[in-house]
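Peer 1: Take this structure first; my questions come after.
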Amino acid sequence: MKLLDNILYIEWHEAIDSGISKGTLDAARNRKSPSWLFIDDPEDRRSVLIGFEKLKDEYKRKIEARFGNPYEFIAKQPIRKLVKWDDKAEEFFLAYRYDENKKLPIETVKKYTVAANWLNMLKEVNNDKKQIKKLLNLQIEQFYDKVIEIIKAKDILDQLDEVKAKLEVAGASEVGILQNQLAHLKNIYLKEKIDLPTSYRRLVVNQDSALKKYLRDGYASIIDWRFGNKLAAKIKDEVSEAVLLEMLAHHNQYDDVFITMQYNRWAKEHGYKAIDESTVGVWRRKREDEIIMFREGNAALKSKVLRVVKGTRPTAPLYLVESDDNVIDLYFIDAEEENHGKKYTKRYVSIVVTDSFNDYVLGYAYAVAGTLDDGGTIALIHAAYLNAMYYIRSITGSWFLPHEVKTDNWGIATLEPYYRSIANYVKTPVGSKNRGYIENFFGSPHWKRCLKIGANNYTGNNITAKNRGVNDEMVKAFKKERPLIGTEAEAQLENFFHRLRYLPQSNGISKHQQWLEAWNALPDTQKRLMNDEKFLLTFGINHLPKSGELPRLTNRGLDIQIGNQRYSYDILGGTPLEHLNKKVHVYYDPYDLSRVLITDKEQVRLIGVDAQRSPRALHDHVEGSRTYLNALLAEKQNTVNQIAEKSERRKKTLALSGIDAESLLNDGVMVKQLKRDAEQKVLSQLIDGPVNDDDLYDQM
């Protein structure tokens with residue numbers, strides 16, 4: 001801006017910076033519009049100046065939004081002209097290194113250089129205060145008042161306050177415009193504000209004022225302690241640093257305000273400077289790598305600090321298979337459970353088995369969330385892997401095992417032998433958040449896309465997040481139309497898993513097509529073919545007879561009852577004589593009861609085939625079938641029932657014998673009838689007359 005013959009002019013670049021387009025300026029100048037005033041800059045004929053007063057109101061507002069009151073701005077312009085750019089300061093900040101060769105951010109270099117420029121100017125003024133009167137016709141106090149207004153960008157702050165006041169009483173139609181103005185002014189404020197104290201005493205007068213520290217320590221005095229500058233640090237030695245870091249490292253994760261209070265109490269007693277919560281926050285973030293293990297635990301340390309060893313995806317199908325649980329983001333209604341007349345909203349939990357080659361879903365199983373205990377969850381995991389085996393056979397023609405399996409550590413004490421029977425299994429380190437690919441797959445666009453299609457009961461990705469990926473109002477609007485738990489829910493879930501496999505991805509190719517092409521190109525030597533014996537031993541259910549007695553092999557083969565159905569199996573090749581009458585375990589496949597594995601877990605390992613019917617598969621491939629899960633849960637319930645029945649039988653036996661088991665534990669053997677007779681005699685003696693103590697205790 002320039003003031004010529006008492007007329008205020010805006011420079012061309014200032015107009016553009018204010019948001020007046022170059023096209024508008026060019027057009028107005030070329031047609032010599034009488035609504036504009038353009039002149040050549042007398043100091044530089046190549047530059048054009050624009051008269052402020054001739055501008056339309058909308059353009060004036062743009063100028064004022066950028067620079068504040070232009071007349072106040074121009075009044076301070078002579079002071080700004082006293083400030084010169086210091087190349088040496090810029091070089092110093094560019095060359096500065098801290099924390100083992102870290103550099104200052106470019107924006108910080110610029111900010112510090114501007115501060116040095118102003119301190120250089122104040123240094124000259126401090127040496128010759130009379131020049132202010134000569135050059136600017138200002139008293140020194142007036143000069144510093146204006147300097148401080150420039151440092152804190154007072155014009156912009158005043159506008160911010162004005163817009164905030166308008167926003168508090170604005171109507172709905174004005175709110176958006178005012179919010180945009182507020183954001184625009186905040187950006188300008190950040191650019192205009194100079195990184196120096198905004199009070200005269202802290203800027204110039206005090207012993208530790210910015211100017212006096214600059215005169216004493218030079219450019220280094222400007223650098224904040226956060227960038228390794230010990231000159232500016234309030235946490236300035238090993239003791240104070242250790243106190244603060246230990247407070248921050250505490251496992252209770254105290255907030256910054258509380259730590260500030262406690263630190264300052266210690267600092268006052270030991271002669272250290274007080275700090276504020278922003279300082280604590282800076283140290284907490286800056287030294288996070290040192291405190292996070294104690295503050296948040298090993299998992300956080302591994303996730304945020306320890307180096308992640310980056311890997312590449314498996315190069316072929318079935319090289320690596322992963323499984324994990326996922327609560328599916330779909331709402332369903334349970335019509336059988338009501339709460340004050342309102343039907344319960346439920347979700348399903350699933351176990352998903354994927355091939356990490358391309359996140360191809362090989363198998364899955366699901367159940368209503370909250371209905372499974374630990375045993376049921378283990379059954380669900382077994383069901384998902386069996387489902388995967390059947391699906392692999394359906395697309396390849398045979399049973400094939402993966403080379404490696406990765407899972408989380410849930411139930412690992414029970415499940416590890418099972419995982420090891422399938423493939424090579426390496427335990428996931430406790431707290432690991434980067435064990436594989438499946439967790440990222442659950443949050444991938446493909447997963448969400450397949451889940452959302454045709455769904456009016458999508459909950460949104462992560463219910464607690466701000467951005468759920470779904471209109472929450474519409475989720476509530478459709479709540480009465482949500483599918484019912486059971487057949488309706490399972491139909492939707494089956495369609496979802498089908499889409500995960502067969503819906504084209506962004507490259508136009510489905511995961512199924514991508515996987516199958518790679519599988520067909522894989523040499524047979526790289527495929528782990530599995531026979532029926534291995535399949536049944538790995539994935540079959542160990543039958544538990546209701547009687548609790550293991551079945552025996554006979555010359556007729558094997559007769560057993562599974563559920564409420566009796567089965568008779570012939571032994572392939574006949575029953576060897578040495579195995580006749582041996583007790584055996586039976587492993588069966590609930591999808592296909594035409595064959596079973598018979599073993600004593602030592603020498604006997606035979607295949608039995610259904611003798612009553614011609615060999616058949618109940619389901620060669622049943623997506624999402626609950627058959628396996630139901631069978632496992634039934635076996636589990638049978639076991640519980642057997643235990644309960646045996647307990648009842650014991651109780652009846654004791655009751656008939658008149659024996660109290662609890663008394664056996666506490667006081668020794670006592671027959672109930674004797675106890676009752678003794679008690680009756682005691683009562684009679686107490687009522688009828690004196691008691692002979694010895695006689696009484698002998699009877700008891």
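By convention in this document, the chains of the structure tokens carry letters A, B, ... by their order, each chain's residues are numbered from 1, and ligands are numbered from 1 in the order they are shown.
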Would you pick out the contacts of Tyr144 in chain A at 12 Å or less, using only C-alpha atoms, so that residues sharing its chain but fewer than 4 positions from it are not included, and give the list as a ChimeraX atom specification?
Peer 2: /A:76,79,118,121-122,125-126,129,132,138-140,148-151,198-201,203-205
Peer 1: Excluding same-chain residues fewer than 5 positions from range 63-67 of chain A, what lies within 7 Å of it counting only C-alpha atoms, as a list in words?
Peer 2: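 That gives Ala15, Ser18, Phe73, Leu185 and Ile188 of chain A.
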Peer 1: Identify which of the residues A:Gly563, A:Pro314, A:Gly218, A:Gly540 lies closest to Pro402 in chain A, counting only C-alpha atoms when measuring atom-to-atom distances.
Peer 2: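 Answer, going by the shortest atom-to-atom distance: A:Pro314.
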Peer 1: Compile the contact shell of range 270-281 of chain A as a list in words: residues with an atom at most 9 Å away, counting only C-alpha atoms, same-chain residues fewer than 2 positions apart removed.
Peer 2: Lys234, Ile235, Lys236, Ser240, Leu244, Leu248, Asp256, Val257, Phe258, Ile259, Thr260, Met261, Tyr263, Asn264, Arg265, Trp266, Ala267, Lys268, Trp283, Arg284, Arg285 and Lys286 of chain A
Peer 1: Using DSSP assignments from the backbone, pull out every residue in range 42-216 of chain A that falls under helix (DSSP H, G or I) and give it to me as number ranges by chain.
Peer 2: A: 57-67, 70-75, 77-81, 87-95, 106-127, 130-136, 140-151, 154-169, 172-192, 200-205, 210-216
Peer 1: Just to be explicit: take each residue in the selection above, keep C-alpha atoms, and write the result as a short mmCIF file (atom, residue, chain, number, x, y, z; two decimals), in the first residue's frame.
Peer 2:
data_model
loop_
_atom_site.label_atom_id
_atom_site.label_comp_id
_atom_site.auth_asym_id
_atom_site.auth_seq_id
_atom_site.Cartn_x
_atom_site.Cartn_y
_atom_site.Cartn_z
CA ASP A 57 -17.77 -2.18 -1.58
CA GLU A 58 -17.30 -5.91 -2.20
CA TYR A 59 -13.66 -5.33 -3.24
CA LYS A 60 -13.06 -2.98 -0.29
CA ARG A 61 -14.29 -5.73 2.03
CA LYS A 62 -11.80 -8.15 0.48
CA ILE A 63 -8.94 -5.70 1.10
CA GLU A 64 -10.08 -5.12 4.68
CA ALA A 65 -10.44 -8.88 5.26
CA ARG A 66 -6.84 -9.33 4.21
CA PHE A 67 -5.10 -6.28 5.76
CA PRO A 70 -6.04 -0.07 5.20
CA TYR A 71 -5.47 3.43 6.64
CA GLU A 72 -4.21 1.95 9.90
CA PHE A 73 -2.12 -0.49 7.88
CA ILE A 74 -0.52 2.29 5.83
CA ALA A 75 0.16 4.26 9.00
CA GLN A 77 4.00 0.92 6.79
CA PRO A 78 6.98 3.20 7.61
CA ILE A 79 7.77 0.94 10.56
CA ARG A 80 7.59 -2.16 8.34
CA LYS A 81 10.01 -0.49 5.91
CA ASP A 87 20.18 -13.52 4.90
CA LYS A 88 22.65 -14.61 7.57
CA ALA A 89 19.83 -15.36 9.98
CA GLU A 90 18.14 -17.53 7.35
CA GLU A 91 21.41 -19.36 6.69
CA PHE A 92 21.86 -19.95 10.43
CA PHE A 93 18.40 -21.48 10.85
CA LEU A 94 18.76 -23.58 7.71
CA ALA A 95 22.07 -24.95 8.99
CA ILE A 106 11.01 -24.75 6.40
CA GLU A 107 8.06 -22.83 7.83
CA THR A 108 9.87 -22.60 11.17
CA VAL A 109 13.02 -21.29 9.44
CA LYS A 110 10.92 -18.57 7.81
CA LYS A 111 9.20 -17.71 11.10
CA TYR A 112 12.48 -17.48 13.01
CA THR A 113 14.11 -15.38 10.25
CA VAL A 114 11.23 -12.88 10.36
CA ALA A 115 11.63 -12.65 14.15
CA ALA A 116 15.37 -12.03 13.72
CA ASN A 117 14.62 -9.28 11.15
CA TRP A 118 12.42 -7.46 13.67
CA LEU A 119 14.89 -7.91 16.52
CA ASN A 120 17.63 -6.47 14.29
CA MET A 121 15.44 -3.41 13.70
CA LEU A 122 14.67 -3.06 17.44
CA LYS A 123 18.40 -3.38 18.18
CA GLU A 124 19.14 -0.40 15.92
CA VAL A 125 16.30 1.62 17.42
CA ASN A 126 17.54 0.79 20.91
CA ASN A 127 20.96 2.15 19.95
CA LYS A 130 16.11 9.72 18.35
CA GLN A 131 15.92 8.42 14.77
CA ILE A 132 12.31 7.32 15.39
CA LYS A 133 11.32 10.93 15.98
CA LYS A 134 13.20 12.06 12.87
CA LEU A 135 12.04 9.32 10.53
CA LEU A 136 8.51 8.63 11.75
CA ILE A 140 9.37 6.02 21.40
CA GLU A 141 6.33 4.85 23.40
CA GLN A 142 4.06 5.38 20.36
CA PHE A 143 6.56 3.53 18.20
CA TYR A 144 6.59 0.48 20.46
CA ASP A 145 2.78 0.49 20.72
CA LYS A 146 2.57 0.23 16.93
CA VAL A 147 5.35 -2.38 16.79
CA ILE A 148 3.46 -4.58 19.25
CA GLU A 149 0.24 -4.13 17.25
CA ILE A 150 2.09 -5.33 14.15
CA ILE A 151 3.71 -8.25 16.02
CA LYS A 154 -3.94 -6.60 15.99
CA ASP A 155 -5.90 -5.54 12.90
CA ILE A 156 -6.61 -9.17 12.04
CA LEU A 157 -7.41 -10.03 15.68
CA ASP A 158 -9.93 -7.18 15.78
CA GLN A 159 -11.61 -8.54 12.67
CA LEU A 160 -11.65 -12.04 14.16
CA ASP A 161 -13.40 -10.71 17.28
CA GLU A 162 -15.91 -8.85 15.12
CA VAL A 163 -16.77 -11.93 13.04
CA LYS A 164 -17.02 -14.10 16.19
CA ALA A 165 -19.47 -11.60 17.71
CA LYS A 166 -21.59 -11.65 14.53
CA LEU A 167 -21.51 -15.44 14.51
CA GLU A 168 -23.02 -15.64 18.00
CA VAL A 169 -26.20 -13.82 16.87
CA ALA A 172 -29.03 -19.82 9.85
CA SER A 173 -28.49 -18.26 6.41
CA GLU A 174 -25.46 -16.25 7.58
CA VAL A 175 -23.63 -18.90 9.59
CA GLY A 176 -21.87 -20.54 6.64
CA ILE A 177 -20.59 -17.22 5.24
CA LEU A 178 -19.33 -16.06 8.62
CA GLN A 179 -17.61 -19.38 9.32
CA ASN A 180 -15.78 -19.10 5.99
CA GLN A 181 -14.71 -15.56 6.89
CA LEU A 182 -13.50 -16.78 10.27
CA ALA A 183 -11.40 -19.55 8.70
CA HIS A 184 -9.96 -17.10 6.15
CA LEU A 185 -9.00 -14.60 8.86
CA LYS A 186 -7.39 -17.33 10.98
CA ASN A 187 -5.16 -18.28 8.06
CA ILE A 188 -4.16 -14.64 7.55
CA TYR A 189 -3.49 -14.25 11.28
CA LEU A 190 -1.11 -17.19 11.28
CA LYS A 191 0.80 -15.65 8.36
CA GLU A 192 0.89 -12.11 9.74
CA TYR A 200 6.59 -4.16 25.87
CA ARG A 201 8.25 -5.53 29.00
CA ARG A 202 8.71 -9.10 27.68
CA LEU A 203 9.80 -7.78 24.30
CA VAL A 204 12.30 -5.12 25.45
CA VAL A 205 12.55 -4.29 29.18
CA ALA A 210 13.42 -11.28 23.76
CA LEU A 211 15.62 -8.33 22.76
CA LYS A 212 18.07 -8.73 25.65
CA LYS A 213 18.40 -12.49 25.06
CA TYR A 214 18.98 -11.74 21.38
CA LEU A 215 21.69 -9.19 22.21
CA ARG A 216 23.33 -11.75 24.49
#
Peer 1: Tell me which of A:Arg605, A:Lys452, A:His382, A:Arg595 sits closest to Thr538 in chain A, counting only C-alpha atoms.
Peer 2: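 When distances to Thr538 in chain A are compared using only C-alpha atoms, the smallest one comes from A:His382.
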Peer 1: For Arg29 in chain A, which residue out of A:Tyr588, A:Tyr254, A:Phe442, A:Trp12 is the nearest one, using only C-alpha atoms?
Peer 2: A:Trp12
Peer 1: For the strand (DSSP E or B) assignment from backbone DSSP, which residues of range 123-360 of chain A qualify? Please present them as a PyMOL selection string.
Peer 2: chain A and resi 321-327+330+332-339+342-346+348-355+360
Peer 1: How about saving the chosen residues, N, CA and C atoms kept, as a PDB file, in the first residue's frame?
Peer 2:
ATOM      1  N   VAL A 321      -2.416 -68.492   5.011  1.00  0.00           N
ATOM      2  CA  VAL A 321      -3.840 -68.329   5.293  1.00  0.00           C
ATOM      3  C   VAL A 321      -3.977 -67.692   6.670  1.00  0.00           C
ATOM      4  N   GLU A 322      -4.894 -66.743   6.789  1.00  0.00           N
ATOM      5  CA  GLU A 322      -5.134 -66.067   8.062  1.00  0.00           C
ATOM      6  C   GLU A 322      -6.587 -66.231   8.479  1.00  0.00           C
ATOM      7  N   SER A 323      -6.823 -66.164   9.784  1.00  0.00           N
ATOM      8  CA  SER A 323      -8.201 -66.160  10.283  1.00  0.00           C
ATOM      9  C   SER A 323      -8.317 -65.158  11.415  1.00  0.00           C
ATOM     10  N   ASP A 324      -9.504 -64.580  11.541  1.00  0.00           N
ATOM     11  CA  ASP A 324      -9.755 -63.610  12.618  1.00  0.00           C
ATOM     12  C   ASP A 324     -11.256 -63.473  12.794  1.00  0.00           C
ATOM     13  N   ASP A 325     -11.659 -62.930  13.943  1.00  0.00           N
ATOM     14  CA  ASP A 325     -13.077 -62.701  14.191  1.00  0.00           C
ATOM     15  C   ASP A 325     -13.461 -61.316  13.717  1.00  0.00           C
ATOM     16  N   ASN A 326     -14.726 -61.172  13.340  1.00  0.00           N
ATOM     17  CA  ASN A 326     -15.242 -59.871  12.904  1.00  0.00           C
ATOM     18  C   ASN A 326     -16.721 -59.797  13.259  1.00  0.00           C
ATOM     19  N   VAL A 327     -17.080 -58.765  14.031  1.00  0.00           N
ATOM     20  CA  VAL A 327     -18.499 -58.525  14.309  1.00  0.00           C
ATOM     21  C   VAL A 327     -19.054 -57.777  13.106  1.00  0.00           C
ATOM     22  N   LEU A 330     -23.909 -55.193  10.521  1.00  0.00           N
ATOM     23  CA  LEU A 330     -25.290 -55.233  10.058  1.00  0.00           C
ATOM     24  C   LEU A 330     -26.190 -55.461  11.271  1.00  0.00           C
ATOM     25  N   PHE A 332     -29.750 -56.725  12.972  1.00  0.00           N
ATOM     26  CA  PHE A 332     -30.856 -57.652  12.756  1.00  0.00           C
ATOM     27  C   PHE A 332     -31.779 -57.590  13.968  1.00  0.00           C
ATOM     28  N   ILE A 333     -32.985 -58.131  13.807  1.00  0.00           N
ATOM     29  CA  ILE A 333     -33.975 -58.123  14.888  1.00  0.00           C
ATOM     30  C   ILE A 333     -34.169 -59.543  15.388  1.00  0.00           C
ATOM     31  N   ASP A 334     -34.172 -59.678  16.702  1.00  0.00           N
ATOM     32  CA  ASP A 334     -34.495 -60.957  17.323  1.00  0.00           C
ATOM     33  C   ASP A 334     -35.925 -60.865  17.833  1.00  0.00           C
ATOM     34  N   ALA A 335     -36.852 -61.462  17.086  1.00  0.00           N
ATOM     35  CA  ALA A 335     -38.275 -61.337  17.410  1.00  0.00           C
ATOM     36  C   ALA A 335     -38.646 -62.083  18.674  1.00  0.00           C
ATOM     37  N   GLU A 336     -37.819 -63.038  19.080  1.00  0.00           N
ATOM     38  CA  GLU A 336     -38.160 -63.852  20.247  1.00  0.00           C
ATOM     39  C   GLU A 336     -37.746 -63.200  21.564  1.00  0.00           C
ATOM     40  N   GLU A 337     -36.856 -62.216  21.497  1.00  0.00           N
ATOM     41  CA  GLU A 337     -36.427 -61.534  22.711  1.00  0.00           C
ATOM     42  C   GLU A 337     -36.947 -60.109  22.698  1.00  0.00           C
ATOM     43  N   GLU A 338     -37.688 -59.740  23.723  1.00  0.00           N
ATOM     44  CA  GLU A 338     -38.236 -58.397  23.787  1.00  0.00           C
ATOM     45  C   GLU A 338     -37.890 -57.750  25.124  1.00  0.00           C
ATOM     46  N   ASN A 339     -37.772 -56.425  25.078  1.00  0.00           N
ATOM     47  CA  ASN A 339     -37.481 -55.646  26.279  1.00  0.00           C
ATOM     48  C   ASN A 339     -38.496 -54.518  26.356  1.00  0.00           C
ATOM     49  N   LYS A 342     -40.132 -53.880  23.117  1.00  0.00           N
ATOM     50  CA  LYS A 342     -39.258 -53.557  21.996  1.00  0.00           C
ATOM     51  C   LYS A 342     -38.391 -54.767  21.653  1.00  0.00           C
ATOM     52  N   LYS A 343     -38.335 -55.088  20.370  1.00  0.00           N
ATOM     53  CA  LYS A 343     -37.547 -56.242  19.949  1.00  0.00           C
ATOM     54  C   LYS A 343     -36.056 -55.913  20.011  1.00  0.00           C
ATOM     55  N   TYR A 344     -35.292 -56.893  20.420  1.00  0.00           N
ATOM     56  CA  TYR A 344     -33.865 -56.698  20.568  1.00  0.00           C
ATOM     57  C   TYR A 344     -33.181 -56.564  19.208  1.00  0.00           C
ATOM     58  N   THR A 345     -32.218 -55.656  19.145  1.00  0.00           N
ATOM     59  CA  THR A 345     -31.351 -55.541  17.970  1.00  0.00           C
ATOM     60  C   THR A 345     -30.112 -56.383  18.209  1.00  0.00           C
ATOM     61  N   LYS A 346     -29.764 -57.207  17.245  1.00  0.00           N
ATOM     62  CA  LYS A 346     -28.620 -58.106  17.384  1.00  0.00           C
ATOM     63  C   LYS A 346     -27.707 -57.967  16.170  1.00  0.00           C
ATOM     64  N   TYR A 348     -24.238 -60.284  14.198  1.00  0.00           N
ATOM     65  CA  TYR A 348     -23.588 -61.587  14.099  1.00  0.00           C
ATOM     66  C   TYR A 348     -22.077 -61.423  14.233  1.00  0.00           C
ATOM     67  N   VAL A 349     -21.460 -62.380  14.896  1.00  0.00           N
ATOM     68  CA  VAL A 349     -20.007 -62.431  14.933  1.00  0.00           C
ATOM     69  C   VAL A 349     -19.575 -63.554  13.997  1.00  0.00           C
ATOM     70  N   SER A 350     -18.516 -63.297  13.253  1.00  0.00           N
ATOM     71  CA  SER A 350     -18.055 -64.291  12.275  1.00  0.00           C
ATOM     72  C   SER A 350     -16.582 -64.605  12.512  1.00  0.00           C
ATOM     73  N   ILE A 351     -16.200 -65.806  12.107  1.00  0.00           N
ATOM     74  CA  ILE A 351     -14.796 -66.164  11.961  1.00  0.00           C
ATOM     75  C   ILE A 351     -14.552 -66.278  10.468  1.00  0.00           C
ATOM     76  N   VAL A 352     -13.579 -65.536   9.972  1.00  0.00           N
ATOM     77  CA  VAL A 352     -13.311 -65.495   8.536  1.00  0.00           C
ATOM     78  C   VAL A 352     -11.910 -66.039   8.276  1.00  0.00           C
ATOM     79  N   VAL A 353     -11.803 -66.908   7.294  1.00  0.00           N
ATOM     80  CA  VAL A 353     -10.521 -67.480   6.874  1.00  0.00           C
ATOM     81  C   VAL A 353     -10.200 -66.938   5.488  1.00  0.00           C
ATOM     82  N   THR A 354      -9.076 -66.244   5.347  1.00  0.00           N
ATOM     83  CA  THR A 354      -8.715 -65.645   4.067  1.00  0.00           C
ATOM     84  C   THR A 354      -7.348 -66.127   3.602  1.00  0.00           C
ATOM     85  N   ASP A 355      -7.162 -66.097   2.287  1.00  0.00           N
ATOM     86  CA  ASP A 355      -5.852 -66.363   1.708  1.00  0.00           C
ATOM     87  C   ASP A 355      -5.163 -65.020   1.516  1.00  0.00           C
ATOM     88  N   TYR A 360      -8.616 -63.389  -0.392  1.00  0.00           N
ATOM     89  CA  TYR A 360      -9.717 -64.195  -0.913  1.00  0.00           C
ATOM     90  C   TYR A 360     -10.338 -64.957   0.254  1.00  0.00           C
TER      91      TYR A 360
END
Peer 1: Could you give me, as a Markdown table, a per-residue list for range 394-422 of chain A showing, wherever an atom lies at most 12 Å from an atom of range 501-519 of chain A, the closest pair of atoms and their distance in Å to one decimal, using only C-alpha atoms and sorting by chain then residue number from low to high?
Peer 2:
| residue | atom | partner | partner_atom | distance |
| --- | --- | --- | --- | --- |
| A:Ser394 | CA | A:Leu516 | CA | 11.7 |
| A:Ile395 | CA | A:Leu516 | CA | 8.0 |
| A:Thr396 | CA | A:Leu516 | CA | 8.4 |
| A:Phe400 | CA | A:Trp519 | CA | 11.3 |
Peer 1: Export N, CA and C atoms of the chosen residues as an mmCIF file, in the first residue's frame?
Peer 2:
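Contents of again.cif, as written:
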data_model
loop_
_atom_site.group_PDB
_atom_site.id
_atom_site.type_symbol
_atom_site.label_atom_id
_atom_site.label_comp_id
_atom_site.auth_asym_id
_atom_site.auth_seq_id
_atom_site.Cartn_x
_atom_site.Cartn_y
_atom_site.Cartn_z
ATOM 1 N N SER A 394 -14.254 -77.527 -3.641
ATOM 2 C CA SER A 394 -15.261 -77.228 -4.662
ATOM 3 C C SER A 394 -14.669 -76.502 -5.862
ATOM 4 N N ILE A 395 -13.582 -75.731 -5.666
ATOM 5 C CA ILE A 395 -13.019 -74.966 -6.781
ATOM 6 C C ILE A 395 -11.757 -75.599 -7.360
ATOM 7 N N THR A 396 -11.181 -76.580 -6.629
ATOM 8 C CA THR A 396 -9.956 -77.220 -7.134
ATOM 9 C C THR A 396 -10.146 -78.697 -7.439
ATOM 10 N N PHE A 400 -6.941 -79.558 -0.267
ATOM 11 C CA PHE A 400 -5.589 -78.994 -0.231
ATOM 12 C C PHE A 400 -5.423 -78.179 1.048
#
